[in-house]
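Undergrad: Pasting start-v7.cif here (mmCIF, C-alpha atoms; chains and numbers go by the auth columns):
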data_my_file
#
loop_
_atom_site.group_PDB
_atom_site.id
_atom_site.type_symbol
_atom_site.label_atom_id
_atom_site.label_comp_id
_atom_site.label_asym_id
_atom_site.label_seq_id
_atom_site.Cartn_x
_atom_site.Cartn_y
_atom_site.Cartn_z
_atom_site.B_iso_or_equiv
_atom_site.auth_seq_id
_atom_site.auth_asym_id
ATOM 1 C CA MET A 1 -10.577 -4.406 43.518 0.00 1 A
ATOM 2 C CA GLY A 2 -8.250 -1.573 44.426 0.00 2 A
ATOM 3 C CA ASP A 3 -5.167 -3.650 43.554 0.00 3 A
ATOM 4 C CA SER A 4 -5.023 -3.002 39.792 0.00 4 A
ATOM 5 C CA PRO A 5 -5.837 -6.671 39.232 0.00 5 A
ATOM 6 C CA SER A 6 -5.332 -8.363 35.921 0.00 6 A
ATOM 7 C CA SER A 7 -8.129 -10.655 34.797 0.00 7 A
ATOM 8 C CA LEU A 8 -8.749 -13.395 32.275 0.00 8 A
ATOM 9 C CA GLU A 9 -12.170 -13.736 30.748 0.00 9 A
ATOM 10 C CA THR A 10 -13.411 -16.989 29.284 0.00 10 A
ATOM 11 C CA GLY A 11 -16.035 -16.198 26.655 0.00 11 A
ATOM 12 C CA THR A 12 -19.663 -17.474 26.595 0.00 12 A
ATOM 13 C CA LEU A 13 -23.163 -17.111 25.040 0.00 13 A
ATOM 14 C CA LYS A 14 -23.276 -13.339 25.130 0.00 14 A
ATOM 15 C CA ARG A 15 -25.044 -12.109 28.226 0.00 15 A
ATOM 16 C CA ALA A 16 -24.249 -10.169 31.372 0.00 16 A
ATOM 17 C CA SER A 17 -23.077 -12.479 34.108 0.00 17 A
ATOM 18 C CA GLY A 18 -25.529 -11.332 36.771 0.00 18 A
ATOM 19 C CA ARG A 19 -25.224 -12.625 40.315 0.00 19 A
ATOM 20 C CA ALA A 20 -22.556 -15.225 40.954 0.00 20 A
ATOM 21 C CA ARG A 21 -23.853 -18.316 42.725 0.00 21 A
ATOM 22 C CA HIS A 22 -20.491 -19.983 43.312 0.00 22 A
ATOM 23 C CA ALA A 23 -17.117 -18.324 43.845 0.00 23 A
ATOM 24 C CA ALA A 24 -13.823 -19.998 44.707 0.00 24 A
ATOM 25 C CA ILE A 25 -10.593 -18.552 46.070 0.00 25 A
ATOM 26 C CA ILE A 26 -6.999 -19.727 45.880 0.00 26 A
ATOM 27 C CA MET A 27 -5.812 -18.298 49.195 0.00 27 A
ATOM 28 C CA ASP A 28 -2.203 -17.415 48.396 0.00 28 A
ATOM 29 C CA GLY A 29 0.370 -15.203 50.073 0.00 29 A
ATOM 30 C CA ASN A 30 0.568 -16.164 53.751 0.00 30 A
ATOM 31 C CA GLY A 31 4.316 -16.793 53.590 0.00 31 A
ATOM 32 C CA ARG A 32 5.070 -13.593 51.692 0.00 32 A
ATOM 33 C CA TRP A 33 2.884 -11.616 54.106 0.00 33 A
ATOM 34 C CA ALA A 34 5.005 -12.925 57.002 0.00 34 A
ATOM 35 C CA LYS A 35 8.308 -12.412 55.170 0.00 35 A
ATOM 36 C CA LYS A 36 7.490 -8.762 54.455 0.00 36 A
ATOM 37 C CA ARG A 37 7.121 -8.279 58.220 0.00 37 A
ATOM 38 C CA ALA A 38 10.111 -10.417 59.217 0.00 38 A
ATOM 39 C CA LEU A 39 7.759 -12.850 60.951 0.00 39 A
ATOM 40 C CA PRO A 40 7.740 -16.670 60.958 0.00 40 A
ATOM 41 C CA ARG A 41 5.662 -18.325 58.221 0.00 41 A
ATOM 42 C CA ALA A 42 3.501 -19.835 60.965 0.00 42 A
ATOM 43 C CA ILE A 43 2.307 -16.338 61.867 0.00 43 A
ATOM 44 C CA GLY A 44 1.371 -15.754 58.240 0.00 44 A
ATOM 45 C CA HIS A 45 -0.729 -18.916 58.264 0.00 45 A
ATOM 46 C CA GLN A 46 -2.405 -17.827 61.503 0.00 46 A
ATOM 47 C CA ARG A 47 -3.321 -14.496 59.940 0.00 47 A
ATOM 48 C CA GLY A 48 -4.565 -16.394 56.902 0.00 48 A
ATOM 49 C CA VAL A 49 -6.977 -18.325 59.138 0.00 49 A
ATOM 50 C CA GLU A 50 -8.179 -15.013 60.558 0.00 50 A
ATOM 51 C CA ALA A 51 -8.872 -13.850 56.994 0.00 51 A
ATOM 52 C CA VAL A 52 -11.003 -16.966 56.431 0.00 52 A
ATOM 53 C CA ARG A 53 -12.912 -16.236 59.620 0.00 53 A
ATOM 54 C CA ARG A 54 -13.495 -12.610 58.541 0.00 54 A
ATOM 55 C CA LEU A 55 -14.738 -13.702 55.165 0.00 55 A
ATOM 56 C CA VAL A 56 -17.151 -16.328 56.476 0.00 56 A
ATOM 57 C CA ARG A 57 -18.603 -13.804 58.922 0.00 57 A
ATOM 58 C CA GLY A 58 -19.045 -11.157 56.240 0.00 58 A
ATOM 59 C CA ILE A 59 -20.371 -13.219 53.366 0.00 59 A
ATOM 60 C CA ALA A 60 -24.086 -13.412 54.204 0.00 60 A
ATOM 61 C CA PRO A 61 -25.125 -10.143 52.461 0.00 61 A
ATOM 62 C CA MET A 62 -23.386 -11.190 49.232 0.00 62 A
ATOM 63 C CA GLU A 63 -26.021 -13.839 48.427 0.00 63 A
ATOM 64 C CA LEU A 64 -23.531 -16.466 47.309 0.00 64 A
ATOM 65 C CA ASP A 65 -24.909 -20.000 47.344 0.00 65 A
ATOM 66 C CA CYS A 66 -21.425 -21.458 47.750 0.00 66 A
ATOM 67 C CA LEU A 67 -17.894 -20.287 48.508 0.00 67 A
ATOM 68 C CA THR A 68 -15.037 -22.736 47.916 0.00 68 A
ATOM 69 C CA LEU A 69 -11.637 -22.182 49.532 0.00 69 A
ATOM 70 C CA TYR A 70 -8.362 -23.875 48.575 0.00 70 A
ATOM 71 C CA ALA A 71 -6.974 -24.630 52.036 0.00 71 A
ATOM 72 C CA PHE A 72 -4.435 -27.440 51.569 0.00 72 A
ATOM 73 C CA SER A 73 -3.360 -28.953 48.260 0.00 73 A
ATOM 74 C CA SER A 74 -2.044 -32.439 47.621 0.00 74 A
ATOM 75 C CA GLU A 75 1.231 -30.731 46.641 0.00 75 A
ATOM 76 C CA ASN A 76 1.542 -28.938 49.994 0.00 76 A
ATOM 77 C CA TRP A 77 2.940 -32.140 51.512 0.00 77 A
ATOM 78 C CA LYS A 78 6.220 -31.157 49.802 0.00 78 A
ATOM 79 C CA ARG A 79 6.654 -28.328 52.295 0.00 79 A
ATOM 80 C CA SER A 80 8.787 -28.765 55.391 0.00 80 A
ATOM 81 C CA GLU A 81 7.496 -31.122 58.061 0.00 81 A
ATOM 82 C CA THR A 82 7.355 -28.221 60.521 0.00 82 A
ATOM 83 C CA GLU A 83 5.200 -26.106 58.223 0.00 83 A
ATOM 84 C CA VAL A 84 2.853 -28.999 57.440 0.00 84 A
ATOM 85 C CA ASP A 85 2.490 -29.706 61.169 0.00 85 A
ATOM 86 C CA ASP A 86 1.706 -26.030 61.782 0.00 86 A
ATOM 87 C CA LEU A 87 -0.985 -26.122 59.092 0.00 87 A
ATOM 88 C CA MET A 88 -2.561 -29.299 60.468 0.00 88 A
ATOM 89 C CA ASN A 89 -2.620 -27.881 64.002 0.00 89 A
ATOM 90 C CA LEU A 90 -4.199 -24.672 62.712 0.00 90 A
ATOM 91 C CA MET A 91 -6.858 -26.791 61.033 0.00 91 A
ATOM 92 C CA ARG A 92 -7.618 -28.566 64.310 0.00 92 A
ATOM 93 C CA LYS A 93 -7.901 -25.273 66.188 0.00 93 A
ATOM 94 C CA PHE A 94 -10.068 -23.694 63.504 0.00 94 A
ATOM 95 C CA ILE A 95 -12.554 -26.572 63.468 0.00 95 A
ATOM 96 C CA LYS A 96 -12.850 -26.555 67.254 0.00 96 A
ATOM 97 C CA SER A 97 -13.209 -22.795 67.590 0.00 97 A
ATOM 98 C CA ASP A 98 -15.431 -22.002 64.608 0.00 98 A
ATOM 99 C CA LEU A 99 -17.771 -24.967 64.301 0.00 99 A
ATOM 100 C CA PRO A 100 -20.377 -23.464 66.679 0.00 100 A
ATOM 101 C CA GLU A 101 -20.306 -20.253 64.651 0.00 101 A
ATOM 102 C CA PHE A 102 -20.880 -22.184 61.420 0.00 102 A
ATOM 103 C CA VAL A 103 -23.929 -23.840 62.957 0.00 103 A
ATOM 104 C CA ALA A 104 -25.258 -20.550 64.323 0.00 104 A
ATOM 105 C CA ASN A 105 -24.828 -18.814 60.960 0.00 105 A
ATOM 106 C CA ASP A 106 -26.575 -21.529 58.922 0.00 106 A
ATOM 107 C CA VAL A 107 -23.389 -22.552 57.082 0.00 107 A
ATOM 108 C CA GLN A 108 -23.183 -26.044 55.618 0.00 108 A
ATOM 109 C CA LEU A 109 -19.609 -27.297 55.481 0.00 109 A
ATOM 110 C CA LYS A 110 -18.447 -29.471 52.580 0.00 110 A
ATOM 111 C CA ILE A 111 -14.969 -30.959 52.164 0.00 111 A
ATOM 112 C CA ILE A 112 -13.517 -31.753 48.749 0.00 112 A
ATOM 113 C CA GLY A 113 -10.327 -33.645 48.014 0.00 113 A
ATOM 114 C CA ASP A 114 -8.793 -36.778 49.517 0.00 114 A
ATOM 115 C CA TRP A 115 -9.444 -35.546 53.046 0.00 115 A
ATOM 116 C CA ARG A 116 -9.963 -39.000 54.524 0.00 116 A
ATOM 117 C CA SER A 117 -6.225 -39.562 54.100 0.00 117 A
ATOM 118 C CA LEU A 118 -5.478 -36.859 56.679 0.00 118 A
ATOM 119 C CA ALA A 119 -4.577 -37.714 60.291 0.00 119 A
ATOM 120 C CA PRO A 120 -7.308 -39.887 61.889 0.00 120 A
ATOM 121 C CA ASP A 121 -8.185 -37.300 64.559 0.00 121 A
ATOM 122 C CA ILE A 122 -8.671 -34.629 61.890 0.00 122 A
ATOM 123 C CA VAL A 123 -10.882 -36.976 59.865 0.00 123 A
ATOM 124 C CA VAL A 124 -13.063 -37.567 62.946 0.00 124 A
ATOM 125 C CA MET A 125 -13.292 -33.817 63.583 0.00 125 A
ATOM 126 C CA LEU A 126 -14.267 -33.161 59.974 0.00 126 A
ATOM 127 C CA GLU A 127 -16.893 -35.903 59.977 0.00 127 A
ATOM 128 C CA ASP A 128 -18.405 -34.361 63.112 0.00 128 A
ATOM 129 C CA ALA A 129 -18.336 -30.899 61.545 0.00 129 A
ATOM 130 C CA LEU A 130 -20.043 -32.180 58.390 0.00 130 A
ATOM 131 C CA ALA A 131 -22.764 -33.845 60.468 0.00 131 A
ATOM 132 C CA GLN A 132 -23.364 -30.793 62.657 0.00 132 A
ATOM 133 C CA THR A 133 -23.633 -28.400 59.699 0.00 133 A
ATOM 134 C CA ALA A 134 -25.567 -30.695 57.348 0.00 134 A
ATOM 135 C CA ASN A 135 -28.734 -28.574 57.454 0.00 135 A
ATOM 136 C CA GLY A 136 -27.099 -25.230 56.690 0.00 136 A
ATOM 137 C CA SER A 137 -28.531 -23.300 53.757 0.00 137 A
ATOM 138 C CA ARG A 138 -25.266 -21.659 52.597 0.00 138 A
ATOM 139 C CA LYS A 139 -22.382 -23.880 51.545 0.00 139 A
ATOM 140 C CA LEU A 140 -18.741 -23.395 52.417 0.00 140 A
ATOM 141 C CA ALA A 141 -16.620 -25.940 50.555 0.00 141 A
ATOM 142 C CA VAL A 142 -13.052 -26.406 51.768 0.00 142 A
ATOM 143 C CA ALA A 143 -10.471 -28.160 49.594 0.00 143 A
ATOM 144 C CA LEU A 144 -8.223 -30.333 51.769 0.00 144 A
ATOM 145 C CA ASN A 145 -5.526 -32.617 50.390 0.00 145 A
ATOM 146 C CA TYR A 146 -7.008 -31.585 47.063 0.00 146 A
ATOM 147 C CA GLY A 147 -5.606 -31.767 43.531 0.00 147 A
ATOM 148 C CA GLY A 148 -7.661 -31.102 40.429 0.00 148 A
ATOM 149 C CA GLN A 149 -5.947 -33.729 38.293 0.00 149 A
ATOM 150 C CA ASN A 150 -6.490 -36.341 41.002 0.00 150 A
ATOM 151 C CA GLU A 151 -10.151 -35.363 41.284 0.00 151 A
ATOM 152 C CA ILE A 152 -10.706 -35.772 37.533 0.00 152 A
ATOM 153 C CA THR A 153 -8.894 -39.128 37.560 0.00 153 A
ATOM 154 C CA ARG A 154 -11.022 -40.402 40.446 0.00 154 A
ATOM 155 C CA ALA A 155 -14.187 -39.205 38.710 0.00 155 A
ATOM 156 C CA ALA A 156 -13.213 -40.909 35.443 0.00 156 A
ATOM 157 C CA VAL A 157 -12.512 -44.192 37.239 0.00 157 A
ATOM 158 C CA LYS A 158 -15.929 -44.047 38.920 0.00 158 A
ATOM 159 C CA ALA A 159 -17.589 -43.231 35.594 0.00 159 A
ATOM 160 C CA ALA A 160 -15.877 -46.228 33.973 0.00 160 A
ATOM 161 C CA GLU A 161 -17.040 -48.488 36.789 0.00 161 A
ATOM 162 C CA GLN A 162 -20.579 -47.275 36.140 0.00 162 A
ATOM 163 C CA GLY A 163 -20.246 -48.297 32.503 0.00 163 A
ATOM 164 C CA VAL A 164 -19.593 -45.225 30.377 0.00 164 A
ATOM 165 C CA ILE A 165 -17.131 -42.322 30.299 0.00 165 A
ATOM 166 C CA THR A 166 -18.683 -39.108 29.035 0.00 166 A
ATOM 167 C CA THR A 167 -18.409 -35.451 29.962 0.00 167 A
ATOM 168 C CA GLU A 168 -21.640 -35.824 31.921 0.00 168 A
ATOM 169 C CA SER A 169 -20.630 -38.990 33.760 0.00 169 A
ATOM 170 C CA ILE A 170 -17.292 -37.514 34.814 0.00 170 A
ATOM 171 C CA ALA A 171 -18.964 -34.300 35.997 0.00 171 A
ATOM 172 C CA ALA A 172 -21.476 -36.344 38.003 0.00 172 A
ATOM 173 C CA ASN A 173 -18.626 -38.021 39.907 0.00 173 A
ATOM 174 C CA LEU A 174 -16.563 -34.946 40.759 0.00 174 A
ATOM 175 C CA ASP A 175 -16.224 -33.901 44.399 0.00 175 A
ATOM 176 C CA THR A 176 -18.245 -30.793 43.533 0.00 176 A
ATOM 177 C CA ALA A 177 -21.109 -32.591 41.753 0.00 177 A
ATOM 178 C CA ASP A 178 -23.657 -31.330 44.291 0.00 178 A
ATOM 179 C CA LEU A 179 -22.444 -27.712 44.143 0.00 179 A
ATOM 180 C CA PRO A 180 -23.574 -24.991 41.723 0.00 180 A
ATOM 181 C CA PRO A 181 -21.400 -24.537 38.612 0.00 181 A
ATOM 182 C CA LEU A 182 -18.333 -22.428 39.334 0.00 182 A
ATOM 183 C CA ASP A 183 -18.888 -18.821 38.257 0.00 183 A
ATOM 184 C CA LEU A 184 -15.833 -16.964 39.537 0.00 184 A
ATOM 185 C CA LEU A 185 -12.341 -18.077 40.532 0.00 185 A
ATOM 186 C CA ILE A 186 -10.127 -15.614 42.419 0.00 186 A
ATOM 187 C CA ARG A 187 -6.439 -15.932 43.260 0.00 187 A
ATOM 188 C CA THR A 188 -4.727 -13.625 45.706 0.00 188 A
ATOM 189 C CA SER A 189 -1.044 -12.553 45.929 0.00 189 A
ATOM 190 C CA GLY A 190 -0.468 -11.581 42.282 0.00 190 A
ATOM 191 C CA GLU A 191 0.297 -15.074 40.995 0.00 191 A
ATOM 192 C CA ILE A 192 -1.468 -15.936 37.730 0.00 192 A
ATOM 193 C CA ARG A 193 -1.977 -19.709 37.643 0.00 193 A
ATOM 194 C CA LEU A 194 -4.525 -22.287 38.812 0.00 194 A
ATOM 195 C CA SER A 195 -2.137 -24.502 40.793 0.00 195 A
ATOM 196 C CA ASN A 196 -4.161 -27.651 40.112 0.00 196 A
ATOM 197 C CA PHE A 197 -7.355 -26.181 41.586 0.00 197 A
ATOM 198 C CA LEU A 198 -10.833 -26.899 40.160 0.00 198 A
ATOM 199 C CA LEU A 199 -9.406 -27.587 36.708 0.00 199 A
ATOM 200 C CA TRP A 200 -12.596 -29.150 35.351 0.00 200 A
ATOM 201 C CA GLN A 201 -14.931 -26.688 37.051 0.00 201 A
ATOM 202 C CA ALA A 202 -12.960 -23.650 35.852 0.00 202 A
ATOM 203 C CA ALA A 203 -13.444 -24.461 32.159 0.00 203 A
ATOM 204 C CA TYR A 204 -15.836 -21.532 31.705 0.00 204 A
ATOM 205 C CA ALA A 205 -15.503 -19.737 35.013 0.00 205 A
ATOM 206 C CA GLU A 206 -14.503 -16.100 35.037 0.00 206 A
ATOM 207 C CA MET A 207 -11.101 -15.507 36.624 0.00 207 A
ATOM 208 C CA LEU A 208 -9.710 -12.650 38.660 0.00 208 A
ATOM 209 C CA PHE A 209 -6.129 -12.318 39.908 0.00 209 A
ATOM 210 C CA VAL A 210 -5.440 -9.732 42.595 0.00 210 A
ATOM 211 C CA ASP A 211 -2.230 -8.513 44.208 0.00 211 A
ATOM 212 C CA THR A 212 -3.613 -8.581 47.756 0.00 212 A
ATOM 213 C CA LEU A 213 -1.866 -11.124 49.977 0.00 213 A
ATOM 214 C CA TRP A 214 -4.358 -13.508 51.550 0.00 214 A
ATOM 215 C CA PRO A 215 -4.034 -12.303 55.192 0.00 215 A
ATOM 216 C CA ASP A 216 -5.052 -8.819 53.968 0.00 216 A
ATOM 217 C CA PHE A 217 -8.069 -10.068 51.989 0.00 217 A
ATOM 218 C CA LYS A 218 -11.346 -8.778 53.441 0.00 218 A
ATOM 219 C CA PRO A 219 -15.054 -9.263 52.682 0.00 219 A
ATOM 220 C CA GLU A 220 -15.090 -6.000 50.742 0.00 220 A
ATOM 221 C CA HIS A 221 -12.476 -7.419 48.354 0.00 221 A
ATOM 222 C CA LEU A 222 -14.808 -10.312 47.576 0.00 222 A
ATOM 223 C CA GLU A 223 -17.776 -7.983 47.266 0.00 223 A
ATOM 224 C CA ARG A 224 -15.924 -5.898 44.676 0.00 224 A
ATOM 225 C CA ALA A 225 -14.917 -9.056 42.817 0.00 225 A
ATOM 226 C CA LEU A 226 -18.567 -10.122 42.660 0.00 226 A
ATOM 227 C CA ASP A 227 -19.517 -6.672 41.375 0.00 227 A
ATOM 228 C CA ASP A 228 -16.832 -7.019 38.683 0.00 228 A
ATOM 229 C CA PHE A 229 -18.206 -10.449 37.757 0.00 229 A
ATOM 230 C CA ALA A 230 -21.730 -9.082 37.367 0.00 230 A
ATOM 231 C CA GLN A 231 -20.535 -6.655 34.680 0.00 231 A
ATOM 232 C CA ARG A 232 -18.764 -9.233 32.542 0.00 232 A
ATOM 233 C CA GLU A 233 -20.124 -10.768 29.345 0.00 233 A
ATOM 234 C CA ARG A 234 -20.014 -14.552 29.193 0.00 234 A
ATOM 235 C CA ARG A 235 -20.070 -16.174 25.741 0.00 235 A
ATOM 236 C CA TYR A 236 -19.249 -19.876 26.328 0.00 236 A
ATOM 237 C CA GLY A 237 -17.362 -20.006 23.023 0.00 237 A
ATOM 238 C CA GLY A 238 -19.918 -17.962 21.077 0.00 238 A
ATOM 239 C CA ARG A 239 -19.748 -14.377 19.890 0.00 239 A
#
Would you write out, as C-alpha cells, the structure that this file holds?

TA:
Amino acid sequence: MGDSPSSLETGTLKRASGRARHAAIIMDGNGRWAKKRALPRAIGHQRGVEAVRRLVRGIAPMELDCLTLYAFSSENWKRSETEVDDLMNLMRKFIKSDLPEFVANDVQLKIIGDWRSLAPDIVVMLEDALAQTANGSRKLAVALNYGGQNEITRAAVKAAEQGVITTESIAANLDTADLPPLDLLIRTSGEIRLSNFLLWQAAYAEMLFVDTLWPDFKPEHLERALDDFAQRERRYGGR
C-alpha cells in the first residue's frame, strides 16, 4: 500500500481470495495527525471525517458489497469530555450534510453497536438516516458505541433466550448477522491490534496494518488493500 505495511494472514482452505465482499477499517490516527502539525485534536477529527467522505465517494468502482467503519468505540467514552463532545457534534454535522449524498449514491446505512444509548437527538437522526437509506444496494456499516466483547455477550444472551447457545445461534444474533462475512480488516496509523473491533467476525478475516494516519487515507489506499487481498491464499485452518 505504499507504506511498507506489515500484515497478518489467517490461513484457510487453500484458494486465492478473489474479490472481497466485505472490508472493515479501524480508522486510527486522527490525534497523531493533528499533533504532527501542532493542531488541536478536533482538527484531526474533522480531517478524519473528510477522509470518510472521500472514501464513500470513491468506493463504487471497487465492487465491495459492504464497508464497515469503526467510528466510535464503547471505550472512547474514557476520553476527555471536550473531545467526546467534539466527536458527537461532528457526527451530527456529518449525518446532516452527507445523508442526501448517501441516498443519491444508493448507499444503505447500517449502524452496529449500542447506538441507541447515544444522545436522544443523535438517535433520532440515525433512525431517520436508516429509514431514508433503507433501499440502497451498497452497505456502509458504521460502528457507534461499539465493543466486540459487548456484541458477543449480547448475542449469547439472545441465543440463550431462544433456547440454545451454539456457534450458529450466536452468529445469527450478532449486529452484523445480515452482512456478508468479513473478508478483510484494515487498521491505519501503524498500530497492530484489534481494539475490541469485530472480534467474532475477524476469526478468519485477512488483516492488513498500514502506517498511513487516517486523515491521509484515500480511496486508492483501499483499492491497493483489496488488490493485496485478492492475491492471498486462505486456508481456514487447512494446508

Undergrad: Apply the PyMOL selection byres ((chain A and resi 216) around 10) to the structure shown and report the selected residues as an MDAnalysis selection string.

TA: chainID A and resid 29:30 33 47:48 50:51 188:189 212:215 217:218 221

Undergrad: Within 8 Å of (-2.5, -26.6, 47.8), all atoms listed in the file: residues as a count of residues only?

TA: 14

Undergrad: To verify the selection step, state as a ChimeraX atom specification which residues the PyMOL selection byres ((chain A and resi 170-186) around 6) yields on this input.

TA: /A:20,22-25,112,155-156,159,167-169,187,201,205-209

Undergrad: Evaluate the PyMOL selection byres ((chain A and resi 84) around 12) on the structure here and hand back the selected residues as a ChimeraX atom specification.

TA: /A:41-42,45,72-83,85-91,118-119,145

Undergrad: Tell me, in Å to one decimal, how far atom CA of A:Arg21 is from atom CA of A:Lys158.

TA: 27.2 Å

Undergrad: Name the residues within 12 Å of (-15.5, -5.2, 51.3), counting all atoms listed in the file in the file's coordinates, and put them as a ChimeraX atom specification.

TA: /A:1-2,54-55,57-59,61-62,216-227

Undergrad: Would you compute the distance between atom CA of A:Asp228 and atom CA of A:Arg19? Give it in Å to one decimal.

TA: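 Going from atom CA of A:Asp228 over to atom CA of A:Arg19, I get 10.2 Å.
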
Undergrad: Separation of atom CA of A:Gly148 and atom CA of A:Lys110, in Å?

TA: 16.3 Å

Undergrad: Just want the 10 Å neighbourhood of A:Arg138, counted on only C-alpha atoms, with same-chain residues fewer than 4 positions away dropped. Output as an MDAnalysis selection string.

TA: chainID A and resid 59:60 63:67 102 105:109 133

Undergrad: Please return the centre and edge lengths, in Å to one decimal, of a box with edges along x, y and z that contains all listed atoms of stretch 172-187 of chain A, widened by 6 Å on every side, as JSON.

TA:
{"center_x": -15.0, "center_y": -26.8, "center_z": 41.2, "size_x": 29.2, "size_y": 34.4, "size_z": 18.4}

Undergrad: With a distance cut-off of 6 Å and all atoms listed in the file, select the neighbouring residues of A:Thr68, excluding the residue or stretch itself and same-chain residues fewer than 2 positions from it, and output the selection as an MDAnalysis selection string.

TA: chainID A and resid 24 140:142
